[in-house]
file start04.csv (CSV, C-alpha atoms)
chain,number,residue,atom,x,y,z
A,1,MET,CA,7.2,-10.0,-19.8
A,2,GLY,CA,4.0,-7.9,-20.4
A,3,GLU,CA,3.7,-4.2,-21.1
A,4,ARG,CA,0.8,-2.9,-19.0
A,5,LEU,CA,3.3,-0.9,-16.9
A,6,ARG,CA,6.1,-0.4,-19.4
A,7,ASP,CA,8.3,2.6,-18.4
A,8,LYS,CA,6.5,3.1,-15.1
A,9,VAL,CA,8.2,3.3,-11.7
A,10,ALA,CA,6.4,1.9,-8.7
A,11,ILE,CA,6.9,1.7,-4.9
A,12,VAL,CA,5.3,-1.2,-3.1
A,13,THR,CA,5.3,-0.9,0.6
A,14,GLY,CA,5.2,-4.1,2.6
A,15,GLY,CA,6.7,-5.6,-0.6
A,16,ALA,CA,8.7,-8.3,1.0
A,17,ALA,CA,5.9,-10.8,1.5
A,18,GLY,CA,2.3,-11.8,0.8
A,19,ILE,CA,0.2,-9.5,-1.3
A,20,GLY,CA,3.0,-6.9,-1.4
A,21,ARG,CA,5.5,-9.4,-2.8
A,22,ALA,CA,3.0,-10.7,-5.3
A,23,THR,CA,2.3,-7.2,-6.4
A,24,ALA,CA,6.0,-6.2,-6.8
A,25,GLU,CA,6.6,-9.4,-8.9
A,26,MET,CA,3.5,-8.8,-11.0
A,27,PHE,CA,4.4,-5.2,-11.6
A,28,ALA,CA,7.9,-6.1,-12.7
A,29,GLU,CA,6.4,-8.8,-15.1
A,30,GLN,CA,4.4,-6.0,-16.7
A,31,GLY,CA,7.5,-3.8,-17.3
A,32,ALA,CA,7.6,-1.6,-14.2
A,33,SER,CA,10.8,-0.7,-12.3
A,34,VAL,CA,9.9,-1.6,-8.7
A,35,VAL,CA,11.1,-0.3,-5.3
A,36,VAL,CA,10.4,-2.9,-2.6
A,37,ALA,CA,9.9,-1.0,0.6
A,38,ASP,CA,9.8,-3.0,3.8
A,39,LEU,CA,11.2,-3.4,7.3
A,40,ASP,CA,12.1,-7.0,6.7
A,41,GLU,CA,15.5,-6.6,5.1
A,42,SER,CA,16.3,-10.3,4.3
A,43,ALA,CA,12.9,-11.0,2.7
A,44,GLY,CA,12.9,-7.6,0.9
A,45,ILE,CA,16.3,-8.3,-0.6
A,46,GLU,CA,15.2,-11.7,-1.6
A,47,THR,CA,12.1,-10.3,-3.4
A,48,ALA,CA,14.1,-7.7,-5.2
A,49,GLU,CA,16.9,-10.1,-6.2
A,50,GLY,CA,14.3,-12.6,-7.4
A,51,ILE,CA,12.7,-10.0,-9.7
A,52,SER,CA,16.1,-9.0,-11.0
A,53,ALA,CA,17.0,-12.7,-11.7
A,54,ARG,CA,13.9,-13.0,-13.9
A,55,GLY,CA,14.9,-10.0,-15.9
A,56,GLY,CA,13.0,-7.3,-14.1
A,57,ALA,CA,14.2,-4.1,-12.5
A,58,ALA,CA,13.9,-3.9,-8.7
A,59,LEU,CA,15.5,-2.2,-5.7
A,60,PHE,CA,15.0,-2.9,-2.0
A,61,VAL,CA,14.9,0.0,0.4
A,62,ARG,CA,14.5,-0.7,4.1
A,63,THR,CA,11.5,1.5,5.1
A,64,ASP,CA,9.4,2.2,8.2
A,65,VAL,CA,6.4,3.9,6.6
A,66,SER,CA,5.3,5.4,10.0
A,67,SER,CA,8.6,7.5,9.9
A,68,GLU,CA,8.3,10.8,8.0
A,69,SER,CA,12.0,10.7,7.2
A,70,ASP,CA,11.8,7.1,5.8
A,71,ALA,CA,8.7,7.9,3.8
A,72,GLN,CA,10.5,10.9,2.2
A,73,MET,CA,13.7,9.0,1.7
A,74,VAL,CA,12.2,6.0,-0.2
A,75,CYS,CA,10.3,8.2,-2.6
A,76,GLU,CA,13.4,10.2,-3.3
A,77,ARG,CA,15.4,7.0,-3.8
A,78,ALA,CA,12.9,5.7,-6.3
A,79,ALA,CA,12.9,8.9,-8.3
A,80,GLU,CA,16.6,9.2,-8.3
A,81,THR,CA,17.3,5.6,-9.2
A,82,PHE,CA,14.7,5.1,-11.9
A,83,GLY,CA,14.2,8.6,-13.2
A,84,GLY,CA,10.7,9.3,-11.8
A,85,LEU,CA,7.8,7.9,-9.9
A,86,HIS,CA,4.4,6.9,-11.3
A,87,ILE,CA,2.7,4.5,-8.9
A,88,LEU,CA,2.5,4.0,-5.1
A,89,VAL,CA,1.0,0.9,-3.5
A,90,ASN,CA,0.3,1.5,0.2
A,91,ASN,CA,0.3,-2.2,1.3
A,92,ALA,CA,2.4,-2.1,4.5
A,93,ALA,CA,0.3,-3.0,7.5
A,94,ALA,CA,0.4,-3.7,11.2
A,95,PHE,CA,-1.9,-6.5,12.1
A,96,VAL,CA,-2.9,-5.5,15.6
A,97,LEU,CA,-5.9,-7.9,16.1
A,98,ARG,CA,-7.2,-6.6,19.4
A,99,GLY,CA,-10.6,-5.3,20.7
A,100,LEU,CA,-11.1,-2.6,23.3
A,101,GLU,CA,-8.4,-4.2,25.5
A,102,ALA,CA,-5.8,-2.9,23.0
A,103,THR,CA,-3.2,-0.8,24.8
A,104,PRO,CA,-2.3,2.8,23.8
A,105,GLU,CA,0.9,1.4,22.4
A,106,GLU,CA,-1.0,-1.1,20.3
A,107,TRP,CA,-3.3,1.6,19.0
A,108,ALA,CA,-0.3,3.8,18.2
A,109,ARG,CA,1.3,1.0,16.2
A,110,SER,CA,-1.9,0.1,14.3
A,111,LEU,CA,-2.7,3.8,13.5
A,112,GLY,CA,1.0,4.7,12.9
A,113,VAL,CA,1.6,2.1,10.2
A,114,ASN,CA,-1.8,1.7,8.6
A,115,VAL,CA,-3.2,5.2,8.7
A,116,VAL,CA,-0.3,7.6,9.3
A,117,GLY,CA,2.0,5.5,7.1
A,118,THR,CA,-0.4,5.6,4.2
A,119,ALA,CA,-0.7,9.4,4.6
A,120,LEU,CA,3.0,10.0,4.8
A,121,MET,CA,3.9,7.8,1.8
A,122,SER,CA,1.1,9.3,-0.2
A,123,ARG,CA,2.3,12.9,0.6
A,124,PHE,CA,5.8,12.4,-0.6
A,125,ALA,CA,5.0,10.1,-3.5
A,126,ALA,CA,2.4,12.5,-4.8
A,127,MET,CA,5.1,15.2,-5.2
A,128,HIS,CA,7.2,12.9,-7.5
A,129,ILE,CA,4.2,11.4,-9.3
A,130,LYS,CA,3.0,15.0,-10.2
A,131,ARG,CA,6.5,15.8,-11.6
A,132,SER,CA,6.3,12.6,-13.7
A,133,GLY,CA,3.0,13.8,-15.3
A,134,GLY,CA,0.6,11.9,-13.1
A,135,GLY,CA,-0.1,8.3,-12.1
A,136,ALA,CA,-1.8,6.3,-9.5
A,137,ILE,CA,-1.9,5.5,-5.8
A,138,VAL,CA,-3.5,2.2,-4.7
A,139,ASN,CA,-4.3,1.9,-1.0
A,140,LEU,CA,-4.8,-1.5,0.7
A,141,GLY,CA,-8.0,-1.6,2.8
A,142,SER,CA,-9.6,-4.8,3.9
A,143,MET,CA,-13.0,-6.4,4.1
A,144,SER,CA,-12.4,-5.8,7.8
A,145,GLY,CA,-13.2,-2.2,7.1
A,146,PHE,CA,-16.8,-3.2,6.3
A,147,ILE,CA,-17.7,-6.1,8.5
A,148,ALA,CA,-17.6,-6.8,12.3
A,149,GLN,CA,-15.2,-9.4,13.5
A,150,PRO,CA,-14.4,-10.4,17.1
A,151,ASN,CA,-11.3,-8.8,18.6
A,152,PHE,CA,-10.6,-6.8,15.4
A,153,THR,CA,-11.3,-3.2,16.6
A,154,ALA,CA,-7.8,-1.9,16.5
A,155,TYR,CA,-7.2,-3.3,13.0
A,156,SER,CA,-10.7,-2.8,11.4
A,157,ALA,CA,-10.8,0.9,12.5
A,158,THR,CA,-7.7,1.6,10.5
A,159,LYS,CA,-8.9,-0.2,7.4
A,160,ALA,CA,-12.2,1.7,7.5
A,161,ALA,CA,-10.2,4.9,7.7
A,162,ILE,CA,-8.2,4.0,4.6
A,163,VAL,CA,-11.4,3.6,2.5
A,164,GLN,CA,-12.4,7.1,3.5
A,165,MET,CA,-8.9,8.5,3.1
A,166,THR,CA,-8.9,7.1,-0.5
A,167,ARG,CA,-12.0,9.2,-1.3
A,168,ASN,CA,-10.4,12.4,0.1
A,169,MET,CA,-7.1,11.8,-1.5
A,170,ALA,CA,-8.7,11.1,-4.8
A,171,LEU,CA,-10.4,14.5,-4.7
A,172,ASP,CA,-7.4,16.4,-3.5
A,173,LEU,CA,-5.0,14.8,-6.1
A,174,ALA,CA,-7.2,14.8,-9.1
A,175,PRO,CA,-5.9,18.2,-10.3
A,176,ASP,CA,-2.4,16.7,-10.4
A,177,ARG,CA,-3.6,13.8,-12.6
A,178,ILE,CA,-3.1,11.3,-9.8
A,179,ARG,CA,-5.8,8.7,-9.4
A,180,VAL,CA,-6.3,7.1,-5.9
A,181,ASN,CA,-8.2,3.9,-5.4
A,182,CYS,CA,-8.4,1.1,-2.8
A,183,VAL,CA,-8.3,-2.7,-2.9
A,184,CYS,CA,-10.0,-4.4,0.0
A,185,PRO,CA,-8.9,-8.1,0.2
A,186,GLY,CA,-10.7,-10.8,2.1
A,187,THR,CA,-9.1,-13.9,3.5
A,188,ILE,CA,-5.8,-14.3,1.5
A,189,LEU,CA,-3.2,-16.9,2.4
A,190,THR,CA,-0.2,-14.8,3.4
A,191,ARG,CA,2.4,-14.7,6.1
A,192,ALA,CA,-0.1,-12.7,8.2
A,193,SER,CA,-2.5,-15.6,7.9
A,194,CYS,CA,0.2,-18.0,9.1
A,195,ASP,CA,0.9,-15.8,12.1
A,196,HIS,CA,-2.8,-15.8,12.9
A,197,MET,CA,-2.9,-19.6,12.7
A,198,GLN,CA,0.0,-19.8,15.1
A,199,ARG,CA,-1.7,-17.5,17.6
A,200,THR,CA,-4.9,-19.4,17.4
A,201,GLN,CA,-3.2,-22.8,17.3
A,202,GLN,CA,-4.9,-23.8,14.0
A,203,SER,CA,-3.5,-26.0,11.3
A,204,LEU,CA,-3.7,-24.8,7.7
A,205,GLU,CA,-6.5,-27.4,7.1
A,206,GLU,CA,-8.5,-26.1,10.1
A,207,PHE,CA,-8.0,-22.5,9.0
A,208,ILE,CA,-9.2,-23.2,5.5
A,209,ALA,CA,-12.1,-25.3,6.7
A,210,ALA,CA,-13.2,-22.4,8.9
A,211,GLU,CA,-12.8,-19.6,6.5
A,212,ALA,CA,-13.5,-21.0,3.0
A,213,PRO,CA,-17.3,-21.5,3.6
A,214,LYS,CA,-17.7,-17.8,4.5
A,215,THR,CA,-17.2,-16.8,0.8
A,216,MET,CA,-19.4,-17.3,-2.2
A,217,LEU,CA,-16.6,-19.1,-4.0
A,218,GLY,CA,-16.0,-21.5,-1.2
A,219,ARG,CA,-12.3,-20.9,-0.9
A,220,ILE,CA,-9.7,-18.5,0.4
A,221,GLY,CA,-7.7,-16.3,-1.9
A,222,GLU,CA,-4.1,-16.3,-3.2
A,223,PRO,CA,-1.8,-13.2,-3.1
A,224,ARG,CA,-1.6,-12.9,-6.8
A,225,GLU,CA,-5.4,-12.7,-7.0
A,226,ALA,CA,-5.2,-9.5,-4.9
A,227,ALA,CA,-2.2,-8.3,-6.9
A,228,ALA,CA,-4.1,-8.6,-10.1
A,229,ALA,CA,-6.7,-6.1,-8.8
A,230,ILE,CA,-3.9,-3.8,-7.7
A,231,LEU,CA,-2.3,-4.0,-11.1
A,232,PHE,CA,-5.6,-3.1,-12.8
A,233,LEU,CA,-6.1,0.0,-10.7
A,234,ALA,CA,-2.5,1.1,-11.1
A,235,SER,CA,-2.5,0.7,-14.8
A,236,ASP,CA,-3.9,3.0,-17.5
A,237,GLU,CA,-6.7,0.5,-18.0
A,238,ALA,CA,-8.3,2.1,-15.0
A,239,SER,CA,-7.8,5.7,-16.4
A,240,PHE,CA,-11.4,6.8,-15.5
A,241,ILE,CA,-11.5,5.2,-12.1
A,242,THR,CA,-10.7,7.2,-8.9
A,243,GLY,CA,-12.0,7.4,-5.4
A,244,ALA,CA,-13.3,3.8,-5.7
A,245,TYR,CA,-12.8,0.6,-3.7
A,246,LEU,CA,-12.7,-2.9,-5.0
A,247,CYS,CA,-13.4,-5.9,-2.8
A,248,VAL,CA,-11.3,-9.0,-3.6
A,249,ASP,CA,-12.9,-11.3,-1.1
A,250,GLY,CA,-14.6,-14.2,-3.0
A,251,GLY,CA,-18.0,-12.6,-2.3
A,252,TYR,CA,-17.5,-12.6,1.5
A,253,THR,CA,-18.9,-9.1,2.1
A,254,ALA,CA,-21.8,-9.6,-0.3
A,255,LEU,CA,-23.3,-12.5,1.7
call {"tool": "encode", "arguments": {"input": "start04.csv", "output": "structure tokens"}}
result
Amino acid sequence: MGERLRDKVAIVTGGAAGIGRATAEMFAEQGASVVVADLDESAGIETAEGISARGGAALFVRTDVSSESDAQMVCERAAETFGGLHILVNNAAAFVLRGLEATPEEWARSLGVNVVGTALMSRFAAMHIKRSGGGAIVNLGSMSGFIAQPNFTAYSATKAAIVQMTRNMALDLAPDRIRVNCVCPGTILTRASCDHMQRTQQSLEEFIAAEAPKTMLGRIGEPREAAAAILFLASDEASFITGAYLCVDGGYTAL
């Protein structure tokens, strides 16, 4: 066990799988007490129990981040259970990969989870983080917020919004000693990637063959590689960094 987050309490939304799960596990390895917030109850419990089995402190709370009452509830549960709150990771996302043909319902889902959910969680978490003496919020953007991809309008728009929200939130919350930064992953092998492969009828080998050459490093990323960047920005090592975004994309957006 490390000590980079010793005595810290963190909420990781979308913490049941992929980058969220890797982040929750890595935070616990570094001494944090972690609240795994997710809609997927079975996977969320599995994540929290796995952390506990390895000697960490974790709690699963079923959470719909687009619900104001759920956002308030999970922040209160974290503070009540572990005695405060220091870190929020806004990782939960709706992957609505649609162009202009997206329906109003699809737009509502994409915006509701990715943008409104980030705002709601940050509002309620910030109250508790301030009471704890300050801390950090790490938002999850995407390389999709910077580049054009076919049939990605409904998703990319929300990720571009999160980058700008990060700047505004950083300015507003700086007086409360709350730093706000954004990690923007590239192609990371997660459950969302597997769902995309199923939709496009690609095998894993075909997916990797198509995506890996688009990066400078010639490969796709692993969830823990994104989690490591989130850990850095959440930790005191990034004490003079706020309002920034960090691309974890193997050089994709630099090409």
call {"tool": "residues_around", "arguments": {"input": "start04.csv", "residues": "stretch 30-43 of chain A", "least_positions_apart": "5", "cutoff": "9 Å", "atoms": "only C-alpha atoms", "output": "number ranges by chain"}}
result
A: 1-17, 20-21, 24-25, 48, 51, 56-65, 74-75, 77-78, 82, 92, 231
call {"tool": "closest_residue", "arguments": {"input": "start04.csv", "among": "A:Met197, A:Ala136, A:Leu97, A:Cys184", "to": "A:Asn151", "atoms": "only C-alpha atoms"}}
result
A:Leu97
call {"tool": "residues_around", "arguments": {"input": "start04.csv", "residues": "A:Phe124", "least_positions_apart": "4", "cutoff": "12 Å", "atoms": "only C-alpha atoms", "output": "PDB file with C-alpha atoms, in the frame of the given file"}}
result
ATOM      1  CA  ILE A  11       6.900   1.700  -4.900  1.00  0.00           C
ATOM      2  CA  VAL A  65       6.400   3.900   6.600  1.00  0.00           C
ATOM      3  CA  SER A  67       8.600   7.500   9.900  1.00  0.00           C
ATOM      4  CA  GLU A  68       8.300  10.800   8.000  1.00  0.00           C
ATOM      5  CA  SER A  69      12.000  10.700   7.200  1.00  0.00           C
ATOM      6  CA  ASP A  70      11.800   7.100   5.800  1.00  0.00           C
ATOM      7  CA  ALA A  71       8.700   7.900   3.800  1.00  0.00           C
ATOM      8  CA  GLN A  72      10.500  10.900   2.200  1.00  0.00           C
ATOM      9  CA  MET A  73      13.700   9.000   1.700  1.00  0.00           C
ATOM     10  CA  VAL A  74      12.200   6.000  -0.200  1.00  0.00           C
ATOM     11  CA  CYS A  75      10.300   8.200  -2.600  1.00  0.00           C
ATOM     12  CA  GLU A  76      13.400  10.200  -3.300  1.00  0.00           C
ATOM     13  CA  ARG A  77      15.400   7.000  -3.800  1.00  0.00           C
ATOM     14  CA  ALA A  78      12.900   5.700  -6.300  1.00  0.00           C
ATOM     15  CA  ALA A  79      12.900   8.900  -8.300  1.00  0.00           C
ATOM     16  CA  LEU A  85       7.800   7.900  -9.900  1.00  0.00           C
ATOM     17  CA  ILE A  87       2.700   4.500  -8.900  1.00  0.00           C
ATOM     18  CA  LEU A  88       2.500   4.000  -5.100  1.00  0.00           C
ATOM     19  CA  GLY A 117       2.000   5.500   7.100  1.00  0.00           C
ATOM     20  CA  THR A 118      -0.400   5.600   4.200  1.00  0.00           C
ATOM     21  CA  ALA A 119      -0.700   9.400   4.600  1.00  0.00           C
ATOM     22  CA  LEU A 120       3.000  10.000   4.800  1.00  0.00           C
ATOM     23  CA  HIS A 128       7.200  12.900  -7.500  1.00  0.00           C
ATOM     24  CA  ILE A 129       4.200  11.400  -9.300  1.00  0.00           C
ATOM     25  CA  LYS A 130       3.000  15.000 -10.200  1.00  0.00           C
ATOM     26  CA  ARG A 131       6.500  15.800 -11.600  1.00  0.00           C
ATOM     27  CA  ILE A 137      -1.900   5.500  -5.800  1.00  0.00           C
TER      28      ILE A 137
END
call {"tool": "closest_residue", "arguments": {"input": "start04.csv", "among": "A:Ala244, A:Ala212, A:Ile220, A:Leu255", "to": "A:Pro185", "atoms": "only C-alpha atoms"}}
result
A:Ile220
call {"tool": "closest_residue", "arguments": {"input": "start04.csv", "among": "A:Ala28, A:Ala174, A:Met169, A:Cys247", "to": "A:Thr187", "atoms": "all atoms listed in the file"}}
result
A:Cys247
call {"tool": "closest_residue", "arguments": {"input": "start04.csv", "among": "A:Gly133, A:Glu29, A:Val96, A:Asp249", "to": "A:Gly218", "atoms": "all atoms listed in the file"}}
result
A:Asp249
call {"tool": "closest_residue", "arguments": {"input": "start04.csv", "among": "A:Gly55, A:Gly250, A:Gly18, A:Pro104", "to": "A:Met143", "atoms": "only C-alpha atoms"}}
result
A:Gly250
call {"tool": "closest_residue", "arguments": {"input": "start04.csv", "among": "A:Tyr155, A:Tyr245, A:Phe232, A:Phe146", "to": "A:Ala93", "atoms": "only C-alpha atoms"}}
result
A:Tyr155
call {"tool": "atom_distance", "arguments": {"input": "start04.csv", "atom1": "atom CA of A:Phe27", "atom2": "atom CA of A:Arg191"}}
result
20.2 Å
call {"tool": "atom_distance", "arguments": {"input": "start04.csv", "atom1": "atom CA of A:Ser110", "atom2": "atom CA of A:Thr158"}}
result
7.1 Å
call {"tool": "atom_distance", "arguments": {"input": "start04.csv", "atom1": "atom CA of A:Ser203", "atom2": "atom CA of A:Gly44"}}
result
26.8 Å
